[in-house]
Amino acid sequence: FKIVHTLNYIFAQESAFGFRLASILIHILNIFIFYLILLKLNFFKYQALIWAIFYGVLPINVSAVVLISARADILAAFFILLSFLSYLNFIERKKTFYFLVPILFYIFAILSKESALPFFLLVIIYSIASGNFKKQVLYYAVVPLAYFFLRASILGRVGTGVPFLRGDGCVAILSSLAAFFKYISKFFIPINLSLSDAFLKYRTFFNFEVISGAALFLGICYYLAVCFKKKNIVLTFALSWLILFYIPISNIIPALHFWAERFFYLPGFGLAVFIGYFTMRGNTLNRIIPVFVAFYVIVNMNYQSYFKNNEVLFKRALAISDFSQEAYTMLGYHYLLDGNYPFSIYYYHLATQSHENYYGFSSMVESYNNLGVLFLRLNQTQEARKWLDMLVKSGKANGAVFCNLEIIKSLDNGDKKYIEEIKE
């Protein structure tokens with residue numbers, strides 16, 4: 001992931017257009033590889049093309065493609081798609097070299113984003129369903145084992161450090177079921193799309209989203225078992241892909257961010273194959289899908305218009321959900337860079353408010369430290385110290401926080417040497 005960013009910087013320097021163009025090119029490559037996979041799954045050329053384009057213009061995928069920091073999602077998908085296409089070539093040609101290539105792409109996918117890890121299970125399920133199971137397939141399982149070992153050896157742990165099930169297992173499971181329903185809903189019905197949407201903590205099963213999510217998830221799992229038993233290769237592949245790549249973003253396995261539209265980029269390929277399967281025999285869907293494609297193009301372009309700058313993007317997020325701590329944090333940072341300190345303080349204050357009924361993604365350290373910096377620039381050292389001291393008491397203070405506290409101490413002692421540094 002970082003290597004790709006580095007290469008992008010070498011060619012584009014600090015050009016936002018250059019980085020965005022690179023992400024769009026990766027997305028186009030993903031759609032092309034997806035098209036080739038559909039052909040190998042016995043889709044007719046027209047059907048494969050229309051479903052590849054369908055997936056390419058889905059509005060829910062906009063944030064994954066347009067947002068530069070979300071490149072890990074499309075990059076992981078790129079290597080997973082390449083790995084599976086290479087695996088299909090291995091099945092056709094049965095040469096050892098063609099087996100090494102998909103393994104290599106699988107490793108690249110995991111290094112792009114850990115949500116690619118379940119791919120080895122997908123390969124095993126597909127190989128059994130298609131009657132092409134070979135002992136080499138088990139080597140796929142060695143990759144995640146080796147990765148976990150190296151990760152634990154280097155970082156000292158496996159995982160994000162977020163408490164398992166986020167400290168409340170029942171709420172996390174219910175919320176994950178609701179998330180499953182919402183992801184699939186936004187896949188088809190692109191309403192209220194938002195880069196930074198606060199996600200409600202569901203505390204009871206008796207809720208429409210939770211019940212619908214549970215029914216969908218259990219129904220898909222049951223249908224997957226039926227398709228596997230009947231050796232329906234395409235549907236087994238599609239539903240396995242959807243379920244296996246949803247698990248890493250379900251937050252049953254702890255993640256730093258509970259919900260984001262861009263996370264469904266990789267699982268969504270499976271859902272597209274599943275829907276496309278029912279057009280393979282030729283029916284009314286073949287005639288109406290182009291209409292949906294045209295509609296999604298319009299919605300897609302409209303949604304992209306909000307990504308022109310952080311102010312527009314995150315104010316839209318707050319218009320959809322005013323509990324988004326991430327949006328408040330990003331707006332605070334935007335106005336800090338812009339030199340609009342009153343607005344920056346206002347939004348950072350909102351970012352520090354607790355929204356205990358929602359899952360949010362914000363940095364307490366960033367918000368409190370930047371509030372300290374803002375009040376320092378306004379020469380309000382007492383207020384600045386208050387915010388920084390709160391971080392120290394919480395045990396979350398870092399080097400920057402202690403450095404700012406030292407600056408305050410020096411100013412209180414009449415030392416003027418840091419004044420210009422504070423202004424910068």
# chains A, B, ... in the order shown; residues from 1 in each chain; ligands from 1
$ residues_around --residues "A:Ser363" --least-positions-apart "5" --cutoff "10 Å" --atoms "only C-alpha atoms" --output "PyMOL selection string"
chain A and resi 325-326+329+351-352+368-369
$ write_last_selection --atoms "N, CA and C atoms" --output "PDB file, in the first residue's frame"
ATOM      1  N   GLN A 325     -18.457  12.106  14.728  1.00  0.00           N
ATOM      2  CA  GLN A 325     -17.289  12.726  15.354  1.00  0.00           C
ATOM      3  C   GLN A 325     -16.160  12.922  14.348  1.00  0.00           C
ATOM      4  N   GLU A 326     -16.030  11.979  13.417  1.00  0.00           N
ATOM      5  CA  GLU A 326     -14.991  12.103  12.394  1.00  0.00           C
ATOM      6  C   GLU A 326     -15.201  13.361  11.561  1.00  0.00           C
ATOM      7  N   THR A 329     -14.154  16.372  13.557  1.00  0.00           N
ATOM      8  CA  THR A 329     -12.698  16.426  13.651  1.00  0.00           C
ATOM      9  C   THR A 329     -12.078  16.943  12.356  1.00  0.00           C
ATOM     10  N   ALA A 351     -16.309  17.745  18.332  1.00  0.00           N
ATOM     11  CA  ALA A 351     -15.674  16.436  18.172  1.00  0.00           C
ATOM     12  C   ALA A 351     -15.377  15.784  19.515  1.00  0.00           C
ATOM     13  N   THR A 352     -15.200  16.594  20.558  1.00  0.00           N
ATOM     14  CA  THR A 352     -14.874  16.042  21.876  1.00  0.00           C
ATOM     15  C   THR A 352     -16.119  15.605  22.647  1.00  0.00           C
ATOM     16  N   TYR A 368      -7.988  17.088  21.234  1.00  0.00           N
ATOM     17  CA  TYR A 368      -7.568  17.798  22.440  1.00  0.00           C
ATOM     18  C   TYR A 368      -6.257  18.543  22.209  1.00  0.00           C
ATOM     19  N   ASN A 369      -5.305  17.899  21.523  1.00  0.00           N
ATOM     20  CA  ASN A 369      -4.019  18.544  21.278  1.00  0.00           C
ATOM     21  C   ASN A 369      -4.184  19.758  20.368  1.00  0.00           C
TER      22      ASN A 369
END
$ residues_around --residues "stretch 390-406 of chain A" --least-positions-apart "5" --cutoff "10 Å" --atoms "only C-alpha atoms" --output "PyMOL selection string"
chain A and resi 364-366+368-370+372-373+376+381+384-385+411-412+422
$ write_last_selection --atoms "N, CA, C and O atoms" --output "PDB file, in the first residue's frame"
ATOM      1  N   MET A 364      -9.193  11.310  19.932  1.00  0.00           N
ATOM      2  CA  MET A 364      -9.228  12.157  21.124  1.00  0.00           C
ATOM      3  C   MET A 364      -7.936  12.949  21.243  1.00  0.00           C
ATOM      4  O   MET A 364      -7.941  14.141  21.565  1.00  0.00           O
ATOM      5  N   VAL A 365      -6.812  12.291  20.966  1.00  0.00           N
ATOM      6  CA  VAL A 365      -5.508  12.951  21.077  1.00  0.00           C
ATOM      7  C   VAL A 365      -5.426  14.120  20.104  1.00  0.00           C
ATOM      8  O   VAL A 365      -5.016  15.231  20.474  1.00  0.00           O
ATOM      9  N   GLU A 366      -5.856  13.893  18.862  1.00  0.00           N
ATOM     10  CA  GLU A 366      -5.793  14.957  17.855  1.00  0.00           C
ATOM     11  C   GLU A 366      -6.671  16.136  18.246  1.00  0.00           C
ATOM     12  O   GLU A 366      -6.244  17.296  18.187  1.00  0.00           O
ATOM     13  N   TYR A 368      -7.988  17.088  21.234  1.00  0.00           N
ATOM     14  CA  TYR A 368      -7.568  17.798  22.440  1.00  0.00           C
ATOM     15  C   TYR A 368      -6.257  18.543  22.209  1.00  0.00           C
ATOM     16  O   TYR A 368      -6.099  19.698  22.639  1.00  0.00           O
ATOM     17  N   ASN A 369      -5.305  17.899  21.523  1.00  0.00           N
ATOM     18  CA  ASN A 369      -4.019  18.544  21.278  1.00  0.00           C
ATOM     19  C   ASN A 369      -4.184  19.758  20.368  1.00  0.00           C
ATOM     20  O   ASN A 369      -3.580  20.816  20.617  1.00  0.00           O
ATOM     21  N   ASN A 370      -5.006  19.625  19.320  1.00  0.00           N
ATOM     22  CA  ASN A 370      -5.198  20.759  18.414  1.00  0.00           C
ATOM     23  C   ASN A 370      -5.965  21.895  19.070  1.00  0.00           C
ATOM     24  O   ASN A 370      -5.751  23.063  18.746  1.00  0.00           O
ATOM     25  N   GLY A 372      -5.522  22.606  22.185  1.00  0.00           N
ATOM     26  CA  GLY A 372      -4.432  23.243  22.919  1.00  0.00           C
ATOM     27  C   GLY A 372      -3.612  24.154  22.031  1.00  0.00           C
ATOM     28  O   GLY A 372      -3.278  25.283  22.407  1.00  0.00           O
ATOM     29  N   VAL A 373      -3.304  23.697  20.812  1.00  0.00           N
ATOM     30  CA  VAL A 373      -2.539  24.501  19.854  1.00  0.00           C
ATOM     31  C   VAL A 373      -3.308  25.756  19.458  1.00  0.00           C
ATOM     32  O   VAL A 373      -2.743  26.859  19.391  1.00  0.00           O
ATOM     33  N   LEU A 376      -3.245  28.214  22.207  1.00  0.00           N
ATOM     34  CA  LEU A 376      -1.894  28.766  22.288  1.00  0.00           C
ATOM     35  C   LEU A 376      -1.709  29.877  21.261  1.00  0.00           C
ATOM     36  O   LEU A 376      -1.153  30.938  21.562  1.00  0.00           O
ATOM     37  N   THR A 381      -3.125  30.758  27.162  1.00  0.00           N
ATOM     38  CA  THR A 381      -2.339  29.631  27.653  1.00  0.00           C
ATOM     39  C   THR A 381      -3.063  28.807  28.716  1.00  0.00           C
ATOM     40  O   THR A 381      -2.884  27.589  28.792  1.00  0.00           O
ATOM     41  N   ALA A 384      -5.399  26.554  26.895  1.00  0.00           N
ATOM     42  CA  ALA A 384      -4.600  25.557  26.164  1.00  0.00           C
ATOM     43  C   ALA A 384      -4.117  24.466  27.108  1.00  0.00           C
ATOM     44  O   ALA A 384      -4.184  23.270  26.793  1.00  0.00           O
ATOM     45  N   ARG A 385      -3.617  24.886  28.292  1.00  0.00           N
ATOM     46  CA  ARG A 385      -3.127  23.911  29.262  1.00  0.00           C
ATOM     47  C   ARG A 385      -4.239  22.965  29.713  1.00  0.00           C
ATOM     48  O   ARG A 385      -4.008  21.771  29.938  1.00  0.00           O
ATOM     49  N   LEU A 411       6.500  29.978  28.034  1.00  0.00           N
ATOM     50  CA  LEU A 411       5.805  31.259  27.879  1.00  0.00           C
ATOM     51  C   LEU A 411       5.422  31.844  29.236  1.00  0.00           C
ATOM     52  O   LEU A 411       5.512  33.061  29.452  1.00  0.00           O
ATOM     53  N   ASP A 412       4.992  30.973  30.136  1.00  0.00           N
ATOM     54  CA  ASP A 412       4.634  31.442  31.484  1.00  0.00           C
ATOM     55  C   ASP A 412       5.840  32.009  32.217  1.00  0.00           C
ATOM     56  O   ASP A 412       5.712  32.895  33.068  1.00  0.00           O
ATOM     57  N   ILE A 422       4.796  29.018  17.367  1.00  0.00           N
ATOM     58  CA  ILE A 422       3.380  28.825  17.637  1.00  0.00           C
ATOM     59  C   ILE A 422       2.540  29.366  16.502  1.00  0.00           C
ATOM     60  O   ILE A 422       1.574  28.748  16.041  1.00  0.00           O
TER      61      ILE A 422
END
$ closest_residue --among "A:Ala214, A:Ile184, A:Ala225, A:Ala238" --to "A:Ile60" --atoms "only C-alpha atoms"
A:Ile184
$ select_by_dssp --residues "stretch 165-397 of chain A" --states "strand (DSSP E)" --output "list in words"
Phe199, Leu200, Tyr358 and Tyr359 of chain A
$ atom_distance --atom1 "atom CA of A:Leu266" --atom2 "atom CA of A:Ser176"
17.0 Å
$ residues_around --residues "A:Tyr55" --least-positions-apart "4" --cutoff "9 Å" --atoms "only C-alpha atoms" --output "JSON, numbers by chain"
{"A": [31, 50, 51, 61, 268, 269, 272, 293]}
$ residues_around --residues "A:Ile68" --least-positions-apart "4" --cutoff "9 Å" --atoms "only C-alpha atoms" --output "PyMOL selection string"
chain A and resi 16+19-20+23+63-64+72
$ write_last_selection --atoms "N, CA and C atoms" --output "mmCIF file, in the first residue's frame"
data_model
loop_
_atom_site.group_PDB
_atom_site.id
_atom_site.type_symbol
_atom_site.label_atom_id
_atom_site.label_comp_id
_atom_site.auth_asym_id
_atom_site.auth_seq_id
_atom_site.Cartn_x
_atom_site.Cartn_y
_atom_site.Cartn_z
ATOM 1 N N ALA A 16 -3.169 16.432 -6.214
ATOM 2 C CA ALA A 16 -4.334 15.642 -5.806
ATOM 3 C C ALA A 16 -4.937 14.937 -7.021
ATOM 4 N N PHE A 19 -3.017 11.712 -7.780
ATOM 5 C CA PHE A 19 -3.352 10.610 -6.881
ATOM 6 C C PHE A 19 -4.741 10.059 -7.184
ATOM 7 N N ARG A 20 -5.661 10.962 -7.454
ATOM 8 C CA ARG A 20 -7.031 10.507 -7.749
ATOM 9 C C ARG A 20 -7.067 9.739 -9.069
ATOM 10 N N SER A 23 -5.964 6.198 -8.526
ATOM 11 C CA SER A 23 -7.016 5.381 -7.910
ATOM 12 C C SER A 23 -8.077 4.988 -8.927
ATOM 13 N N SER A 63 -16.653 6.518 -2.669
ATOM 14 C CA SER A 63 -15.690 6.927 -1.643
ATOM 15 C C SER A 63 -14.429 6.068 -1.686
ATOM 16 N N ALA A 64 -14.567 4.779 -2.017
ATOM 17 C CA ALA A 64 -13.399 3.901 -2.095
ATOM 18 C C ALA A 64 -12.470 4.314 -3.232
ATOM 19 N N ALA A 72 -6.348 1.574 -0.004
ATOM 20 C CA ALA A 72 -6.080 0.205 0.464
ATOM 21 C C ALA A 72 -7.206 -0.739 0.069
#
$ closest_residue --among "A:Leu138, A:Ser196, A:Val123, A:Phe295" --to "A:Leu331" --atoms "only C-alpha atoms"
A:Ser196
$ select_by_dssp --residues "stretch 162-224 of chain A" --states "helix (DSSP H, G or I)" --output "VMD selection string"
chain A and resid 164 to 167 169 to 188 208 to 224
$ closest_residue --among "A:Ala327, A:Ile275, A:Ala141, A:Leu41" --to "A:Phe314" --atoms "only C-alpha atoms"
A:Ala327
$ atom_distance --atom1 "atom CA of A:Leu235" --atom2 "atom CA of A:Val273"
7.8 Å
$ atom_distance --atom1 "atom CA of A:Trp241" --atom2 "atom CA of A:Leu122"
6.4 Å
$ residues_around --residues "A:Ser354" --least-positions-apart "6" --cutoff "12 Å" --atoms "only C-alpha atoms" --output "PyMOL selection string"
chain A and resi 323-325+360-362+364
$ write_last_selection --atoms "N, CA and C atoms" --output "mmCIF file, in the first residue's frame"
data_model
loop_
_atom_site.group_PDB
_atom_site.id
_atom_site.type_symbol
_atom_site.label_atom_id
_atom_site.label_comp_id
_atom_site.auth_asym_id
_atom_site.auth_seq_id
_atom_site.Cartn_x
_atom_site.Cartn_y
_atom_site.Cartn_z
ATOM 1 N N PHE A 323 -24.109 13.169 14.277
ATOM 2 C CA PHE A 323 -23.380 12.498 15.350
ATOM 3 C C PHE A 323 -22.015 11.993 14.877
ATOM 4 N N SER A 324 -21.568 12.458 13.727
ATOM 5 C CA SER A 324 -20.308 11.981 13.167
ATOM 6 C C SER A 324 -19.127 12.740 13.774
ATOM 7 N N GLN A 325 -18.457 12.106 14.728
ATOM 8 C CA GLN A 325 -17.289 12.726 15.354
ATOM 9 C C GLN A 325 -16.160 12.922 14.348
ATOM 10 N N GLY A 360 -18.295 5.805 16.566
ATOM 11 C CA GLY A 360 -17.673 6.906 15.846
ATOM 12 C C GLY A 360 -16.203 6.620 15.602
ATOM 13 N N PHE A 361 -15.598 7.423 14.765
ATOM 14 C CA PHE A 361 -14.174 7.290 14.507
ATOM 15 C C PHE A 361 -13.566 8.676 14.598
ATOM 16 N N SER A 362 -12.908 8.938 15.709
ATOM 17 C CA SER A 362 -12.234 10.222 15.884
ATOM 18 C C SER A 362 -11.045 10.023 16.803
ATOM 19 N N MET A 364 -9.193 11.310 19.932
ATOM 20 C CA MET A 364 -9.228 12.157 21.124
ATOM 21 C C MET A 364 -7.936 12.949 21.243
#
$ residues_around --residues "A:Leu58" --least-positions-apart "2" --cutoff "9 Å" --atoms "only C-alpha atoms" --output "NGL selection string"
:A and (53-56 or 60-62 or 187-188 or 190 or 293 or 296-297 or 299-300)
$ write_last_selection --atoms "N, CA, C and O atoms" --output "PDB file, in the first residue's frame"
ATOM      1  N   ILE A  53     -19.536  -3.246 -15.800  1.00  0.00           N
ATOM      2  CA  ILE A  53     -19.817  -1.802 -15.826  1.00  0.00           C
ATOM      3  C   ILE A  53     -20.755  -1.431 -14.680  1.00  0.00           C
ATOM      4  O   ILE A  53     -20.577  -0.401 -14.015  1.00  0.00           O
ATOM      5  N   PHE A  54     -21.762  -2.274 -14.442  1.00  0.00           N
ATOM      6  CA  PHE A  54     -22.705  -2.065 -13.337  1.00  0.00           C
ATOM      7  C   PHE A  54     -21.944  -1.875 -12.027  1.00  0.00           C
ATOM      8  O   PHE A  54     -22.191  -0.930 -11.276  1.00  0.00           O
ATOM      9  N   TYR A  55     -20.991  -2.779 -11.781  1.00  0.00           N
ATOM     10  CA  TYR A  55     -20.239  -2.665 -10.536  1.00  0.00           C
ATOM     11  C   TYR A  55     -19.343  -1.426 -10.548  1.00  0.00           C
ATOM     12  O   TYR A  55     -19.156  -0.770  -9.521  1.00  0.00           O
ATOM     13  N   GLY A  56     -18.816  -1.112 -11.704  1.00  0.00           N
ATOM     14  CA  GLY A  56     -17.904   0.028 -11.806  1.00  0.00           C
ATOM     15  C   GLY A  56     -18.534   1.365 -11.500  1.00  0.00           C
ATOM     16  O   GLY A  56     -17.844   2.284 -11.028  1.00  0.00           O
ATOM     17  N   ILE A  60     -22.153   3.452  -4.225  1.00  0.00           N
ATOM     18  CA  ILE A  60     -21.579   3.098  -2.930  1.00  0.00           C
ATOM     19  C   ILE A  60     -20.061   2.947  -3.015  1.00  0.00           C
ATOM     20  O   ILE A  60     -19.359   3.035  -1.998  1.00  0.00           O
ATOM     21  N   ASN A  61     -19.530   2.759  -4.222  1.00  0.00           N
ATOM     22  CA  ASN A  61     -18.084   2.583  -4.396  1.00  0.00           C
ATOM     23  C   ASN A  61     -17.330   3.894  -4.589  1.00  0.00           C
ATOM     24  O   ASN A  61     -16.097   3.892  -4.652  1.00  0.00           O
ATOM     25  N   VAL A  62     -18.052   5.005  -4.678  1.00  0.00           N
ATOM     26  CA  VAL A  62     -17.410   6.290  -4.984  1.00  0.00           C
ATOM     27  C   VAL A  62     -16.331   6.635  -3.959  1.00  0.00           C
ATOM     28  O   VAL A  62     -15.209   7.001  -4.322  1.00  0.00           O
ATOM     29  N   PHE A 187     -26.050  -0.674  -1.525  1.00  0.00           N
ATOM     30  CA  PHE A 187     -25.542  -1.254  -2.765  1.00  0.00           C
ATOM     31  C   PHE A 187     -26.574  -1.072  -3.879  1.00  0.00           C
ATOM     32  O   PHE A 187     -26.228  -0.716  -5.003  1.00  0.00           O
ATOM     33  N   PHE A 188     -27.844  -1.300  -3.549  1.00  0.00           N
ATOM     34  CA  PHE A 188     -28.918  -1.206  -4.540  1.00  0.00           C
ATOM     35  C   PHE A 188     -29.571   0.174  -4.572  1.00  0.00           C
ATOM     36  O   PHE A 188     -29.904   0.691  -5.637  1.00  0.00           O
ATOM     37  N   PRO A 190     -28.931   3.877  -3.549  1.00  0.00           N
ATOM     38  CA  PRO A 190     -27.925   4.838  -3.086  1.00  0.00           C
ATOM     39  C   PRO A 190     -28.533   6.110  -2.492  1.00  0.00           C
ATOM     40  O   PRO A 190     -28.468   7.197  -3.068  1.00  0.00           O
ATOM     41  N   VAL A 293     -27.852   1.009 -14.787  1.00  0.00           N
ATOM     42  CA  VAL A 293     -26.498   1.516 -14.993  1.00  0.00           C
ATOM     43  C   VAL A 293     -26.534   3.015 -15.279  1.00  0.00           C
ATOM     44  O   VAL A 293     -25.759   3.793 -14.693  1.00  0.00           O
ATOM     45  N   TYR A 296     -27.382   4.875 -12.080  1.00  0.00           N
ATOM     46  CA  TYR A 296     -26.261   4.899 -11.144  1.00  0.00           C
ATOM     47  C   TYR A 296     -25.157   5.848 -11.597  1.00  0.00           C
ATOM     48  O   TYR A 296     -24.471   6.444 -10.763  1.00  0.00           O
ATOM     49  N   VAL A 297     -24.987   5.984 -12.906  1.00  0.00           N
ATOM     50  CA  VAL A 297     -23.989   6.939 -13.418  1.00  0.00           C
ATOM     51  C   VAL A 297     -24.342   8.354 -12.980  1.00  0.00           C
ATOM     52  O   VAL A 297     -23.476   9.122 -12.529  1.00  0.00           O
ATOM     53  N   VAL A 299     -26.264   9.299 -10.369  1.00  0.00           N
ATOM     54  CA  VAL A 299     -26.100   9.417  -8.922  1.00  0.00           C
ATOM     55  C   VAL A 299     -24.615   9.453  -8.561  1.00  0.00           C
ATOM     56  O   VAL A 299     -24.186  10.222  -7.688  1.00  0.00           O
ATOM     57  N   ASN A 300     -23.832   8.637  -9.248  1.00  0.00           N
ATOM     58  CA  ASN A 300     -22.396   8.576  -9.028  1.00  0.00           C
ATOM     59  C   ASN A 300     -21.746   9.943  -9.255  1.00  0.00           C
ATOM     60  O   ASN A 300     -20.981  10.437  -8.412  1.00  0.00           O
TER      61      ASN A 300
END
$ residues_around --residues "A:Pro267" --least-positions-apart "4" --cutoff "9 Å" --atoms "only C-alpha atoms" --output "PyMOL selection string"
chain A and resi 241-246+263+271
$ closest_residue --among "A:Phe307, A:Phe78, A:Phe278, A:Trp387" --to "A:Ile33" --atoms "only C-alpha atoms"
A:Phe78
$ closest_residue --among "A:Leu82, A:Tyr359, A:Arg203, A:Pro248" --to "A:Ala116" --atoms "only C-alpha atoms"
A:Pro248
$ closest_residue --among "A:Leu39, A:Leu374, A:Leu388, A:Ile91" --to "A:Val137" --atoms "only C-alpha atoms"
A:Ile91
